[in-house]
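Chemist: input.pdb (PDB, C-alpha atoms) pasted underneath:
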```pdb
MODEL        1
ATOM      1  CA  MET A   1      39.152 -60.624  43.627
ATOM      2  CA  ARG A   2      40.181 -63.322  41.243
ATOM      3  CA  GLY A   3      37.756 -65.713  42.916
ATOM      4  CA  ASP A   4      34.960 -63.161  42.535
ATOM      5  CA  ARG A   5      35.693 -62.858  38.850
ATOM      6  CA  SER A   6      35.704 -66.598  38.296
ATOM      7  CA  ASP A   7      32.439 -66.923  40.275
ATOM      8  CA  GLY A   8      30.913 -64.185  38.139
ATOM      9  CA  ALA A   9      32.086 -65.922  34.978
ATOM     10  CA  ARG A  10      30.570 -69.200  36.169
ATOM     11  CA  VAL A  11      27.245 -67.514  36.923
ATOM     12  CA  ALA A  12      27.270 -65.764  33.534
ATOM     13  CA  ALA A  13      28.063 -69.060  31.810
ATOM     14  CA  GLY A  14      25.214 -70.703  33.721
ATOM     15  CA  ILE A  15      22.771 -68.005  32.632
ATOM     16  CA  ARG A  16      23.936 -68.277  29.015
ATOM     17  CA  LYS A  17      23.538 -72.055  29.136
ATOM     18  CA  ALA A  18      20.073 -71.789  30.688
ATOM     19  CA  GLY A  19      18.998 -69.186  28.133
ATOM     20  CA  ARG A  20      20.183 -70.855  24.943
ATOM     21  CA  LEU A  21      18.160 -73.377  23.002
ATOM     22  CA  ALA A  22      18.466 -77.067  23.734
ATOM     23  CA  THR A  23      20.497 -79.093  21.270
ATOM     24  CA  TYR A  24      19.455 -82.524  20.006
ATOM     25  CA  GLN A  25      21.888 -84.164  22.404
ATOM     26  CA  GLU A  26      20.590 -82.187  25.381
ATOM     27  CA  LEU A  27      17.009 -82.978  24.468
ATOM     28  CA  ALA A  28      17.891 -86.683  24.250
ATOM     29  CA  GLU A  29      19.597 -86.561  27.647
ATOM     30  CA  PHE A  30      16.665 -84.716  29.154
ATOM     31  CA  LEU A  31      14.168 -87.297  27.901
ATOM     32  CA  ALA A  32      16.360 -90.149  29.122
ATOM     33  CA  LYS A  33      16.432 -88.539  32.537
ATOM     34  CA  VAL A  34      12.673 -87.969  32.884
ATOM     35  CA  GLU A  35      11.092 -90.843  30.964
ATOM     36  CA  ARG A  36      10.888 -93.317  33.865
ATOM     37  CA  ARG A  37       9.423 -90.828  36.271
ATOM     38  CA  ALA A  38       7.011 -89.720  33.564
ATOM     39  CA  TYR A  39       5.969 -93.345  33.107
ATOM     40  CA  LYS A  40       5.292 -93.622  36.848
ATOM     41  CA  HIS A  41       3.272 -90.387  36.780
ATOM     42  CA  ALA A  42       1.109 -91.810  34.031
ATOM     43  CA  LEU A  43       0.903 -95.232  35.680
ATOM     44  CA  PHE A  44      -0.306 -93.770  38.992
ATOM     45  CA  ALA A  45      -2.966 -91.885  37.056
ATOM     46  CA  VAL A  46      -4.257 -94.509  34.609
ATOM     47  CA  ARG A  47      -3.182 -97.748  36.360
ATOM     48  CA  ASP A  48      -2.421 -99.500  33.099
ATOM     49  CA  ASP A  49       1.152 -99.971  31.937
ATOM     50  CA  HIS A  50       0.319-100.022  28.215
ATOM     51  CA  LEU A  51      -1.689 -96.825  28.454
ATOM     52  CA  ALA A  52       1.008 -95.250  30.610
ATOM     53  CA  LEU A  53       3.636 -96.030  27.978
ATOM     54  CA  ASP A  54       1.393 -94.582  25.254
ATOM     55  CA  ILE A  55       0.934 -91.400  27.278
ATOM     56  CA  VAL A  56       4.675 -90.989  27.830
ATOM     57  CA  GLN A  57       5.370 -91.580  24.156
ATOM     58  CA  ASP A  58       2.736 -89.010  23.141
ATOM     59  CA  ALA A  59       4.198 -86.458  25.546
ATOM     60  CA  MET A  60       7.737 -87.024  24.253
ATOM     61  CA  LEU A  61       6.559 -86.750  20.642
ATOM     62  CA  LYS A  62       4.766 -83.473  21.347
ATOM     63  CA  LEU A  63       7.850 -82.054  23.032
ATOM     64  CA  THR A  64      10.245 -82.951  20.216
ATOM     65  CA  GLU A  65       7.875 -82.023  17.388
ATOM     66  CA  LYS A  66       6.555 -78.718  18.660
ATOM     67  CA  TYR A  67       8.700 -77.380  21.447
ATOM     68  CA  SER A  68      12.275 -78.425  20.734
ATOM     69  CA  ALA A  69      13.296 -74.823  19.979
ATOM     70  CA  ARG A  70      13.111 -73.854  23.622
ATOM     71  CA  PRO A  71      15.821 -73.030  26.137
ATOM     72  CA  LEU A  72      17.069 -76.028  28.069
ATOM     73  CA  ALA A  73      15.899 -74.549  31.371
ATOM     74  CA  GLU A  74      12.286 -74.421  30.141
ATOM     75  CA  LEU A  75      12.096 -78.096  29.252
ATOM     76  CA  PRO A  76      11.240 -79.619  32.697
ATOM     77  CA  PRO A  77       8.100 -77.542  33.416
ATOM     78  CA  LEU A  78       7.130 -77.630  29.744
ATOM     79  CA  PHE A  79       7.382 -81.413  29.579
ATOM     80  CA  GLN A  80       5.400 -81.747  32.811
ATOM     81  CA  ARG A  81       2.678 -79.553  31.382
ATOM     82  CA  ILE A  82       2.521 -81.657  28.218
ATOM     83  CA  LEU A  83       2.508 -84.881  30.236
ATOM     84  CA  GLN A  84      -0.248 -83.716  32.585
ATOM     85  CA  ASN A  85      -2.347 -82.511  29.635
ATOM     86  CA  THR A  86      -1.883 -85.857  27.896
ATOM     87  CA  ILE A  87      -3.060 -87.631  31.057
ATOM     88  CA  LEU A  88      -6.050 -85.270  31.212
ATOM     89  CA  ASP A  89      -6.843 -86.064  27.576
ATOM     90  CA  PHE A  90      -6.910 -89.733  28.553
ATOM     91  CA  TYR A  91      -9.383 -88.974  31.362
ATOM     92  CA  ARG A  92     -11.582 -87.006  28.955
ATOM     93  CA  ARG A  93     -11.576 -89.796  26.372
ATOM     94  CA  GLN A  94     -12.317 -92.347  29.091
ATOM     95  CA  LYS A  95     -15.199 -90.219  30.350
ATOM     96  CA  VAL A  96     -16.712 -89.981  26.878
ATOM     97  CA  ARG A  97     -16.301 -93.730  26.374
ATOM     98  CA  SER A  98     -17.813 -94.563  29.737
ATOM     99  CA  MET A  99     -20.831 -92.398  28.975
ATOM    100  CA  TRP A 100     -21.664 -94.836  26.186
ATOM    101  CA  THR A 101     -20.591 -98.056  27.820
ATOM    102  CA  LEU A 102     -21.521 -97.782  31.498
ATOM    103  CA  PRO A 103     -25.085 -98.331  32.646
ATOM    104  CA  ILE A 104     -27.026 -95.210  33.523
ATOM    105  CA  SER A 105     -27.113 -96.149  37.189
ATOM    106  CA  SER A 106     -23.366 -95.836  37.455
ATOM    107  CA  LEU A 107     -23.548 -92.328  36.055
ATOM    108  CA  LEU A 108     -25.699 -91.272  38.970
ATOM    109  CA  GLY A 109     -23.027 -92.187  41.481
ATOM    110  CA  SER A 110     -20.522 -89.877  43.121
ATOM    111  CA  GLY A 111     -18.921 -87.515  40.635
ATOM    112  CA  SER A 112     -15.488 -85.983  40.932
ATOM    113  CA  ASP A 113     -12.989 -87.489  43.305
ATOM    114  CA  GLU A 114     -11.594 -84.030  43.986
ATOM    115  CA  ASP A 115     -12.723 -83.896  47.590
ATOM    116  CA  ALA A 116     -13.060 -87.591  48.221
ATOM    117  CA  ASP A 117     -11.227 -89.024  51.168
ATOM    118  CA  PRO A 118      -9.021 -91.878  49.957
ATOM    119  CA  LEU A 119      -8.849 -93.272  53.467
ATOM    120  CA  GLU A 120     -12.525 -94.209  53.231
ATOM    121  CA  THR A 121     -11.989 -96.283  50.119
ATOM    122  CA  LEU A 122      -8.563 -97.767  50.747
ATOM    123  CA  GLU A 123      -8.963-101.458  51.312
ATOM    124  CA  VAL A 124      -6.440-103.051  53.549
ATOM    125  CA  ALA A 125      -6.094-106.793  53.289
ATOM    126  CA  ASP A 126      -6.232-108.670  56.586
ATOM    127  CA  ASP A 127      -3.441-110.959  55.561
ATOM    128  CA  SER A 128      -1.204-108.021  54.865
ATOM    129  CA  LYS A 129       2.292-108.840  53.712
ATOM    130  CA  PHE A 130       3.669-105.842  55.509
ATOM    131  CA  SER A 131       3.235-107.381  58.975
ATOM    132  CA  GLU A 132       5.582-110.243  58.110
ATOM    133  CA  PRO A 133       9.278-109.915  58.889
ATOM    134  CA  PRO A 134      10.806-110.131  55.383
ATOM    135  CA  ALA A 135      14.412-109.620  54.371
ATOM    136  CA  GLU A 136      15.548-106.023  54.109
ATOM    137  CA  GLN A 137      15.497-105.917  50.327
ATOM    138  CA  ALA A 138      12.094-107.503  50.048
ATOM    139  CA  GLU A 139      10.759-105.235  52.759
ATOM    140  CA  ARG A 140      12.011-102.198  50.890
ATOM    141  CA  SER A 141      10.309-103.377  47.710
ATOM    142  CA  GLN A 142       7.082-103.900  49.608
ATOM    143  CA  VAL A 143       7.255-100.434  51.103
ATOM    144  CA  ILE A 144       7.797 -98.999  47.622
ATOM    145  CA  ALA A 145       4.883-101.022  46.290
ATOM    146  CA  PHE A 146       2.625 -99.838  49.093
ATOM    147  CA  ILE A 147       3.624 -96.193  48.641
ATOM    148  CA  GLU A 148       2.919 -96.462  44.919
ATOM    149  CA  LYS A 149      -0.437 -98.076  45.643
ATOM    150  CA  ALA A 150      -1.261 -95.345  48.161
ATOM    151  CA  LEU A 151      -0.405 -92.701  45.560
ATOM    152  CA  GLU A 152      -2.779 -94.351  43.114
ATOM    153  CA  GLN A 153      -5.506 -94.113  45.735
ATOM    154  CA  LEU A 154      -5.089 -90.378  46.169
ATOM    155  CA  PRO A 155      -7.488 -88.019  44.400
ATOM    156  CA  ALA A 156      -5.994 -87.016  41.054
ATOM    157  CA  ARG A 157      -5.337 -83.377  41.952
ATOM    158  CA  GLN A 158      -3.687 -84.227  45.253
ATOM    159  CA  ARG A 159      -1.448 -86.791  43.586
ATOM    160  CA  GLN A 160      -0.601 -84.368  40.786
ATOM    161  CA  ALA A 161       0.312 -81.583  43.213
ATOM    162  CA  PHE A 162       2.389 -83.890  45.401
ATOM    163  CA  LEU A 163       4.355 -85.359  42.499
ATOM    164  CA  LEU A 164       4.978 -82.048  40.754
ATOM    165  CA  ARG A 165       6.002 -80.303  43.924
ATOM    166  CA  TYR A 166       8.106 -82.947  45.630
ATOM    167  CA  TRP A 167       9.140 -85.454  43.004
ATOM    168  CA  GLU A 168       9.692 -83.078  40.113
ATOM    169  CA  GLU A 169      10.839 -80.353  42.507
ATOM    170  CA  LEU A 170       8.905 -77.620  40.725
ATOM    171  CA  ASP A 171       8.151 -74.524  42.742
ATOM    172  CA  VAL A 172       4.581 -73.815  43.823
ATOM    173  CA  ALA A 173       4.015 -71.214  41.113
ATOM    174  CA  GLU A 174       5.141 -73.579  38.330
ATOM    175  CA  ALA A 175       2.999 -76.393  39.703
ATOM    176  CA  ALA A 176       0.026 -74.020  39.891
ATOM    177  CA  LYS A 177       0.584 -73.005  36.263
ATOM    178  CA  ILE A 178       0.691 -76.615  35.113
ATOM    179  CA  MET A 179      -2.375 -77.566  37.149
ATOM    180  CA  GLY A 180      -4.289 -74.454  36.100
ATOM    181  CA  CYS A 181      -5.100 -73.443  39.663
ATOM    182  CA  SER A 182      -3.958 -71.001  42.332
ATOM    183  CA  VAL A 183      -0.805 -71.277  44.389
ATOM    184  CA  GLY A 184      -2.964 -71.689  47.487
ATOM    185  CA  SER A 185      -4.767 -74.668  45.928
ATOM    186  CA  VAL A 186      -1.457 -76.364  45.183
ATOM    187  CA  LYS A 187      -0.369 -75.920  48.781
ATOM    188  CA  THR A 188      -3.681 -77.292  50.042
ATOM    189  CA  HIS A 189      -3.516 -80.309  47.708
ATOM    190  CA  CYS A 190       0.075 -81.007  48.742
ATOM    191  CA  SER A 191      -0.756 -80.801  52.414
ATOM    192  CA  ARG A 192      -3.788 -83.070  52.086
ATOM    193  CA  ALA A 193      -1.841 -85.558  49.986
ATOM    194  CA  THR A 194       1.002 -85.762  52.497
ATOM    195  CA  ARG A 195      -1.426 -86.148  55.387
ATOM    196  CA  ALA A 196      -3.370 -88.872  53.589
ATOM    197  CA  LEU A 197      -0.177 -90.745  52.702
ATOM    198  CA  SER A 198       1.003 -90.447  56.281
ATOM    199  CA  VAL A 199      -2.239 -91.963  57.580
ATOM    200  CA  MET A 200      -2.219 -94.769  54.983
ATOM    201  CA  LEU A 201       1.371 -95.681  55.754
ATOM    202  CA  GLY A 202       0.774 -95.348  59.472
ATOM    203  CA  LYS A 203      -2.103 -97.822  59.329
ATOM    204  CA  GLN A 204       0.313-100.365  57.918
ATOM    205  CA  GLY A 205       2.968 -99.582  60.481
ATOM    206  CA  ILE A 206       5.222 -98.260  57.730
ATOM    207  CA  LYS A 207       7.643 -95.483  58.500
ATOM    208  CA  PRO A 208       9.123 -94.424  55.158
TER     209      PRO A 208
ATOM    210  CA  MET B   1       3.409 -76.791  54.795
ATOM    211  CA  ASN B   2       5.165 -77.530  58.043
ATOM    212  CA  GLN B   3       8.487 -79.235  58.592
ATOM    213  CA  PRO B   4       7.289 -82.782  59.471
ATOM    214  CA  GLU B   5       5.166 -82.903  56.310
ATOM    215  CA  ASN B   6       8.136 -81.788  54.222
ATOM    216  CA  GLU B   7      10.304 -84.449  55.837
ATOM    217  CA  LEU B   8       7.705 -87.145  55.174
ATOM    218  CA  ALA B   9       7.350 -85.997  51.566
ATOM    219  CA  ARG B  10      11.111 -86.164  51.136
ATOM    220  CA  ARG B  11      11.256 -89.727  52.451
ATOM    221  CA  ILE B  12       8.360 -90.817  50.258
ATOM    222  CA  VAL B  13      10.095 -89.328  47.236
ATOM    223  CA  GLU B  14      13.234 -91.333  48.049
ATOM    224  CA  HIS B  15      11.144 -94.493  47.844
ATOM    225  CA  LEU B  16       9.609 -93.338  44.574
ATOM    226  CA  ASP B  17      13.102 -92.846  43.146
ATOM    227  CA  ALA B  18      14.013 -96.335  44.290
ATOM    228  CA  GLY B  19      10.856 -97.630  42.618
ATOM    229  CA  VAL B  20      11.904 -96.021  39.338
ATOM    230  CA  ASP B  21      15.286 -97.761  39.595
ATOM    231  CA  GLN B  22      13.496-101.077  39.990
ATOM    232  CA  LEU B  23      11.551-100.798  36.730
ATOM    233  CA  ASP B  24      11.584-104.070  34.848
ATOM    234  CA  PRO B  25      13.837-104.371  31.764
ATOM    235  CA  ALA B  26      10.891-104.811  29.382
ATOM    236  CA  THR B  27       9.380-101.480  30.405
ATOM    237  CA  ARG B  28      12.795 -99.809  30.140
ATOM    238  CA  GLU B  29      13.167-101.173  26.622
ATOM    239  CA  ARG B  30       9.765 -99.873  25.634
ATOM    240  CA  LEU B  31      10.533 -96.455  27.093
ATOM    241  CA  LEU B  32      13.814 -96.403  25.192
ATOM    242  CA  ALA B  33      11.966 -97.269  21.963
ATOM    243  CA  ALA B  34       9.414 -94.514  22.659
ATOM    244  CA  ARG B  35      12.203 -92.008  23.249
ATOM    245  CA  LYS B  36      13.979 -93.004  20.042
ATOM    246  CA  ARG B  37      10.758 -92.653  18.116
ATOM    247  CA  ALA B  38      10.153 -89.195  19.586
ATOM    248  CA  LEU B  39      13.716 -88.076  18.851
ATOM    249  CA  GLY B  40      13.303 -89.388  15.300
ATOM    250  CA  ARG B  41      10.752 -86.632  14.760
ATOM    251  CA  TYR B  42      13.158 -83.982  15.973
ATOM    252  CA  ARG B  43      13.991 -81.250  13.506
ATOM    253  CA  GLU B  44      15.892 -78.032  13.911
ATOM    254  CA  GLN B  45      13.542 -75.155  14.531
ATOM    255  CA  PRO B  46      14.448 -71.504  14.014
ATOM    256  CA  ALA B  47      14.921 -69.491  17.167
ATOM    257  CA  PRO B  48      12.103 -67.046  17.885
ATOM    258  CA  VAL B  49      12.857 -63.457  16.730
ATOM    259  CA  PRO B  50      12.976 -61.428  19.977
ATOM    260  CA  GLY B  51      11.748 -58.143  18.459
ATOM    261  CA  LEU B  52       8.745 -59.774  16.861
ATOM    262  CA  ALA B  53       7.958 -62.195  19.644
ATOM    263  CA  TRP B  54       5.077 -60.037  20.875
ATOM    264  CA  ALA B  55       3.576 -59.522  17.416
ATOM    265  CA  GLY B  56       2.137 -63.012  16.903
ATOM    266  CA  PRO B  57       0.016 -63.091  20.065
ATOM    267  CA  ALA B  58      -0.980 -59.430  19.561
ATOM    268  CA  ILE B  59      -2.272 -60.029  16.019
ATOM    269  CA  ALA B  60      -3.908 -63.242  17.151
ATOM    270  CA  ARG B  61      -5.714 -61.377  19.911
ATOM    271  CA  VAL B  62      -7.030 -58.754  17.486
ATOM    272  CA  SER B  63      -7.961 -60.995  14.591
ATOM    273  CA  GLY B  64      -8.717 -64.251  16.322
ATOM    274  CA  HIS B  65      -6.270 -66.106  14.071
ATOM    275  CA  ARG B  66      -2.934 -67.652  14.842
ATOM    276  CA  PHE B  67       0.081 -65.878  13.386
ATOM    277  CA  TYR B  68       2.752 -67.560  15.412
ATOM    278  CA  SER B  69       4.860 -68.445  12.407
ATOM    279  CA  VAL B  70       7.962 -66.299  12.189
ATOM    280  CA  ARG B  71       7.820 -66.714   8.396
ATOM    281  CA  ASN B  72       4.382 -65.076   8.305
ATOM    282  CA  LEU B  73       5.553 -62.218  10.487
ATOM    283  CA  VAL B  74       8.621 -61.597   8.336
ATOM    284  CA  ALA B  75       6.470 -61.589   5.167
ATOM    285  CA  VAL B  76       3.947 -59.137   6.651
ATOM    286  CA  THR B  77       6.724 -56.870   7.970
ATOM    287  CA  THR B  78       8.441 -56.846   4.555
ATOM    288  CA  LEU B  79       5.159 -55.973   2.857
ATOM    289  CA  VAL B  80       4.468 -53.099   5.248
ATOM    290  CA  LEU B  81       8.009 -51.727   4.880
ATOM    291  CA  GLY B  82       7.773 -52.013   1.076
ATOM    292  CA  LEU B  83       4.489 -50.118   0.914
ATOM    293  CA  THR B  84       5.829 -47.414   3.236
ATOM    294  CA  GLY B  85       8.948 -47.013   1.094
ATOM    295  CA  LEU B  86       6.835 -46.748  -2.057
ATOM    296  CA  ALA B  87       4.672 -44.036  -0.501
ATOM    297  CA  ILE B  88       7.738 -42.032   0.559
ATOM    298  CA  TRP B  89       9.343 -42.382  -2.870
ATOM    299  CA  ASN B  90       6.159 -41.207  -4.567
ATOM    300  CA  SER B  91       5.836 -38.115  -2.415
ATOM    301  CA  PHE B  92       9.428 -36.896  -3.029
ATOM    302  CA  GLY B  93      10.227 -38.399  -6.412
ATOM    303  CA  PRO B  94       9.886 -37.133 -10.055
ATOM    304  CA  THR B  95       6.143 -37.656 -10.062
ATOM    305  CA  HIS B  96       5.846 -34.845  -7.562
ATOM    306  CA  GLU B  97       7.884 -32.488  -9.800
ATOM    307  CA  LEU B  98       5.755 -33.336 -12.850
ATOM    308  CA  ALA B  99       2.653 -32.567 -10.844
ATOM    309  CA  ASP B 100       4.092 -29.146  -9.951
ATOM    310  CA  ILE B 101       4.759 -28.355 -13.653
ATOM    311  CA  ASP B 102       1.245 -29.449 -14.618
ATOM    312  CA  ALA B 103      -0.213 -27.232 -11.932
ATOM    313  CA  GLY B 104       1.948 -24.303 -13.147
ATOM    314  CA  LEU B 105       0.770 -24.765 -16.750
ATOM    315  CA  LEU B 106      -2.851 -24.780 -15.688
ATOM    316  CA  THR B 107      -2.488 -21.621 -13.587
ATOM    317  CA  ASP B 108      -0.181 -19.785 -16.037
ATOM    318  CA  GLU B 109       2.495 -19.628 -13.380
ATOM    319  CA  LEU B 110       5.280 -21.380 -15.196
ATOM    320  CA  PRO B 111       8.641 -21.493 -13.524
ATOM    321  CA  ILE B 112      11.519 -19.720 -15.272
ATOM    322  CA  ASN B 113      13.132 -23.042 -16.091
ATOM    323  CA  ALA B 114      10.225 -23.858 -18.396
ATOM    324  CA  TYR B 115      11.064 -20.837 -20.624
ATOM    325  CA  LEU B 116      14.758 -21.683 -20.692
ATOM    326  CA  ASP B 117      13.906 -25.140 -21.979
ATOM    327  CA  LYS B 118      14.515 -25.168 -25.800
ATOM    328  CA  GLY B 119      12.137 -27.970 -26.298
ATOM    329  CA  PHE B 120       9.372 -25.984 -24.649
ATOM    330  CA  ASP B 121      10.127 -22.974 -26.837
ATOM    331  CA  SER B 122       9.879 -24.998 -30.060
ATOM    332  CA  TRP B 123       6.705 -26.587 -28.822
ATOM    333  CA  LEU B 124       5.199 -23.105 -28.254
ATOM    334  CA  LYS B 125       6.081 -22.044 -31.796
ATOM    335  CA  ARG B 126       4.596 -25.184 -33.291
ATOM    336  CA  ALA B 127       1.518 -24.794 -31.182
ATOM    337  CA  SER B 128       0.984 -21.144 -32.223
ATOM    338  CA  ARG B 129       1.048 -22.116 -35.920
TER     339      ARG B 129
ENDMDL
END
```
Could I get this structure in the form of structure tokens?
Modeler:
Amino acid sequence: MRGDRSDGARVAAGIRKAGRLATYQELAEFLAKVERRAYKHALFAVRDDHLALDIVQDAMLKLTEKYSARPLAELPPLFQRILQNTILDFYRRQKVRSMWTLPISSLLGSGSDEDADPLETLEVADDSKFSEPPAEQAERSQVIAFIEKALEQLPARQRQAFLLRYWEELDVAEAAKIMGCSVGSVKTHCSRATRALSVMLGKQGIKP
Amino acid sequence: MNQPENELARRIVEHLDAGVDQLDPATRERLLAARKRALGRYREQPAPVPGLAWAGPAIARVSGHRFYSVRNLVAVTTLVLGLTGLAIWNSFGPTHELADIDAGLLTDELPINAYLDKGFDSWLKRASR
């Protein structure tokens, strides 16, 4: 009986904590916790560390300036939405720039990479480092580097779905909301991404 | 998604976490600076008013403008309440009584109180002269 009451009190306290607005300290702790992963998200997408840092900074600024008066529990999906929109803004700006800078012939090439198969474009070097027998630590770093490279090679939507769903541990509905698509699409993107990563890693003899 | 795919995803994510831990110090410093800069812009914001939370989007939908500011909503609500109060006061206040007396004078149906009023009596005498 007493245990039930204390459990109930803990649950009630949890709900109160989740419902109340984030304090400055909590916001700071939240940003400290997510900033590195956010940087990796941006880096996989834009493949430039300076741009990735700019994107993360923009996303953090938007969160603190406009959305700080939100309950603590809302911050993770909200920040992901801001981050993904900031990455999309980068793509849009890049597209506009490339329309003026790229030759016309390049504009007539294949369009969206939405349905592209990354396995067709992934170049595997013959003198691959991964076939060598390195020390455990170095091997681990190489596996990480290859996984990150493979993620970069994924179509943007597949990568986005995979990272939101598995790395950020958002549920399918939240990921769908952030990506602006249906729950079914998120599941399809996740499945394709995992399969593609499995094939890429398998080709290198890597078992993560 | 089936179980093997979930398991593979989980293992990949473990490597991604390890990759985050291996970020070089320079990048960490720059991220720290970016975070500090973002937190420097932090300012306390008022909590949304629960009862009026629906009003902003509703007005925005009707008018096509954004009325998300709680300050705007409070001002509009105060104005509406003020005008309503004024209308109620006018309909039951002294103005209404004066209007009744005027109507009685015009229709020769004065209430008995008008004849008991000494001021009215002296006014009648002055008027008849």
Chemist: Give as a ChimeraX atom specification every residue of chain B that touches chain A within 10 Å, counting all atoms listed in the file.
Modeler: /B:1-2,4-23,27-28,30-48
Chemist: Let's have the selection written as a compact mmCIF listing (two decimals), in the frame of the given file, with C-alpha atoms.
Modeler:
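Now in part15.txt:
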```txt
# COMPACT_ATOMS: atom_id res chain seq x y z
CA MET B 1 3.41 -76.79 54.80
CA ASN B 2 5.16 -77.53 58.04
CA PRO B 4 7.29 -82.78 59.47
CA GLU B 5 5.17 -82.90 56.31
CA ASN B 6 8.14 -81.79 54.22
CA GLU B 7 10.30 -84.45 55.84
CA LEU B 8 7.70 -87.14 55.17
CA ALA B 9 7.35 -86.00 51.57
CA ARG B 10 11.11 -86.16 51.14
CA ARG B 11 11.26 -89.73 52.45
CA ILE B 12 8.36 -90.82 50.26
CA VAL B 13 10.10 -89.33 47.24
CA GLU B 14 13.23 -91.33 48.05
CA HIS B 15 11.14 -94.49 47.84
CA LEU B 16 9.61 -93.34 44.57
CA ASP B 17 13.10 -92.85 43.15
CA ALA B 18 14.01 -96.34 44.29
CA GLY B 19 10.86 -97.63 42.62
CA VAL B 20 11.90 -96.02 39.34
CA ASP B 21 15.29 -97.76 39.60
CA GLN B 22 13.50 -101.08 39.99
CA LEU B 23 11.55 -100.80 36.73
CA THR B 27 9.38 -101.48 30.40
CA ARG B 28 12.80 -99.81 30.14
CA ARG B 30 9.76 -99.87 25.63
CA LEU B 31 10.53 -96.46 27.09
CA LEU B 32 13.81 -96.40 25.19
CA ALA B 33 11.97 -97.27 21.96
CA ALA B 34 9.41 -94.51 22.66
CA ARG B 35 12.20 -92.01 23.25
CA LYS B 36 13.98 -93.00 20.04
CA ARG B 37 10.76 -92.65 18.12
CA ALA B 38 10.15 -89.20 19.59
CA LEU B 39 13.72 -88.08 18.85
CA GLY B 40 13.30 -89.39 15.30
CA ARG B 41 10.75 -86.63 14.76
CA TYR B 42 13.16 -83.98 15.97
CA ARG B 43 13.99 -81.25 13.51
CA GLU B 44 15.89 -78.03 13.91
CA GLN B 45 13.54 -75.16 14.53
CA PRO B 46 14.45 -71.50 14.01
CA ALA B 47 14.92 -69.49 17.17
CA PRO B 48 12.10 -67.05 17.89
```
Chemist: Which distance in Å separates atom CA of A:Ile82 and atom CA of A:Lys149, to one decimal?
Modeler: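 Taking atom CA of A:Ile82 as the start and atom CA of A:Lys149 as the end point, the length is 24.1 Å.
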Chemist: What is the atom CA of B:Ala99 to atom CA of B:Gly119 distance in Å?
Modeler: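 Pair atom CA of B:Ala99 / atom CA of B:Gly119 returns 18.7 Å.
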Chemist: To one decimal place, how far is atom CA of A:Arg81 from atom CA of A:Leu151 in Å?
Modeler: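 We find that atom CA of A:Arg81 and atom CA of A:Leu151 lie 19.6 Å from each other.
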Chemist: Can you tell me, as a PDB file with C-alpha atoms, in the coordinates of the input, what residues are no more than 10 Å from A:Phe90 when counting all atoms listed in the file, ignoring any on the same chain fewer than 5 positions away?
Modeler:
```pdb
ATOM      1  CA  ALA A  42       1.109 -91.810  34.031  1.00  0.00           C
ATOM      2  CA  ALA A  45      -2.966 -91.885  37.056  1.00  0.00           C
ATOM      3  CA  VAL A  46      -4.257 -94.509  34.609  1.00  0.00           C
ATOM      4  CA  LEU A  51      -1.689 -96.825  28.454  1.00  0.00           C
ATOM      5  CA  ALA A  52       1.008 -95.250  30.610  1.00  0.00           C
ATOM      6  CA  ILE A  55       0.934 -91.400  27.278  1.00  0.00           C
ATOM      7  CA  GLN A  84      -0.248 -83.716  32.585  1.00  0.00           C
ATOM      8  CA  ASN A  85      -2.347 -82.511  29.635  1.00  0.00           C
ATOM      9  CA  LYS A  95     -15.199 -90.219  30.350  1.00  0.00           C
ATOM     10  CA  VAL A  96     -16.712 -89.981  26.878  1.00  0.00           C
TER      11      VAL A  96
END
```
Chemist: Starting from the incomplete input, reconstruct N, CA and C atoms of stretch 51-59 of chain A and write that as a PDB file, in the coordinates of the input.
Modeler:
```pdb
ATOM      1  N   LEU A  51      -1.203 -98.200  28.626  1.00  0.00           N
ATOM      2  CA  LEU A  51      -1.689 -96.825  28.454  1.00  0.00           C
ATOM      3  C   LEU A  51      -0.654 -95.814  28.945  1.00  0.00           C
ATOM      4  N   ALA A  52      -0.010 -96.152  30.061  1.00  0.00           N
ATOM      5  CA  ALA A  52       1.008 -95.250  30.610  1.00  0.00           C
ATOM      6  C   ALA A  52       2.143 -95.057  29.610  1.00  0.00           C
ATOM      7  N   LEU A  53       2.566 -96.143  28.984  1.00  0.00           N
ATOM      8  CA  LEU A  53       3.636 -96.030  27.978  1.00  0.00           C
ATOM      9  C   LEU A  53       3.181 -95.184  26.791  1.00  0.00           C
ATOM     10  N   ASP A  54       1.930 -95.392  26.362  1.00  0.00           N
ATOM     11  CA  ASP A  54       1.393 -94.582  25.254  1.00  0.00           C
ATOM     12  C   ASP A  54       1.403 -93.101  25.605  1.00  0.00           C
ATOM     13  N   ILE A  55       0.998 -92.802  26.839  1.00  0.00           N
ATOM     14  CA  ILE A  55       0.934 -91.400  27.278  1.00  0.00           C
ATOM     15  C   ILE A  55       2.332 -90.778  27.273  1.00  0.00           C
ATOM     16  N   VAL A  56       3.300 -91.520  27.790  1.00  0.00           N
ATOM     17  CA  VAL A  56       4.675 -90.989  27.830  1.00  0.00           C
ATOM     18  C   VAL A  56       5.193 -90.769  26.410  1.00  0.00           C
ATOM     19  N   GLN A  57       4.910 -91.730  25.544  1.00  0.00           N
ATOM     20  CA  GLN A  57       5.370 -91.580  24.156  1.00  0.00           C
ATOM     21  C   GLN A  57       4.731 -90.358  23.501  1.00  0.00           C
ATOM     22  N   ASP A  58       3.428 -90.184  23.700  1.00  0.00           N
ATOM     23  CA  ASP A  58       2.736 -89.010  23.141  1.00  0.00           C
ATOM     24  C   ASP A  58       3.363 -87.716  23.647  1.00  0.00           C
ATOM     25  N   ALA A  59       3.628 -87.684  24.952  1.00  0.00           N
ATOM     26  CA  ALA A  59       4.198 -86.458  25.546  1.00  0.00           C
ATOM     27  C   ALA A  59       5.586 -86.180  24.966  1.00  0.00           C
TER      28      ALA A  59
END
```
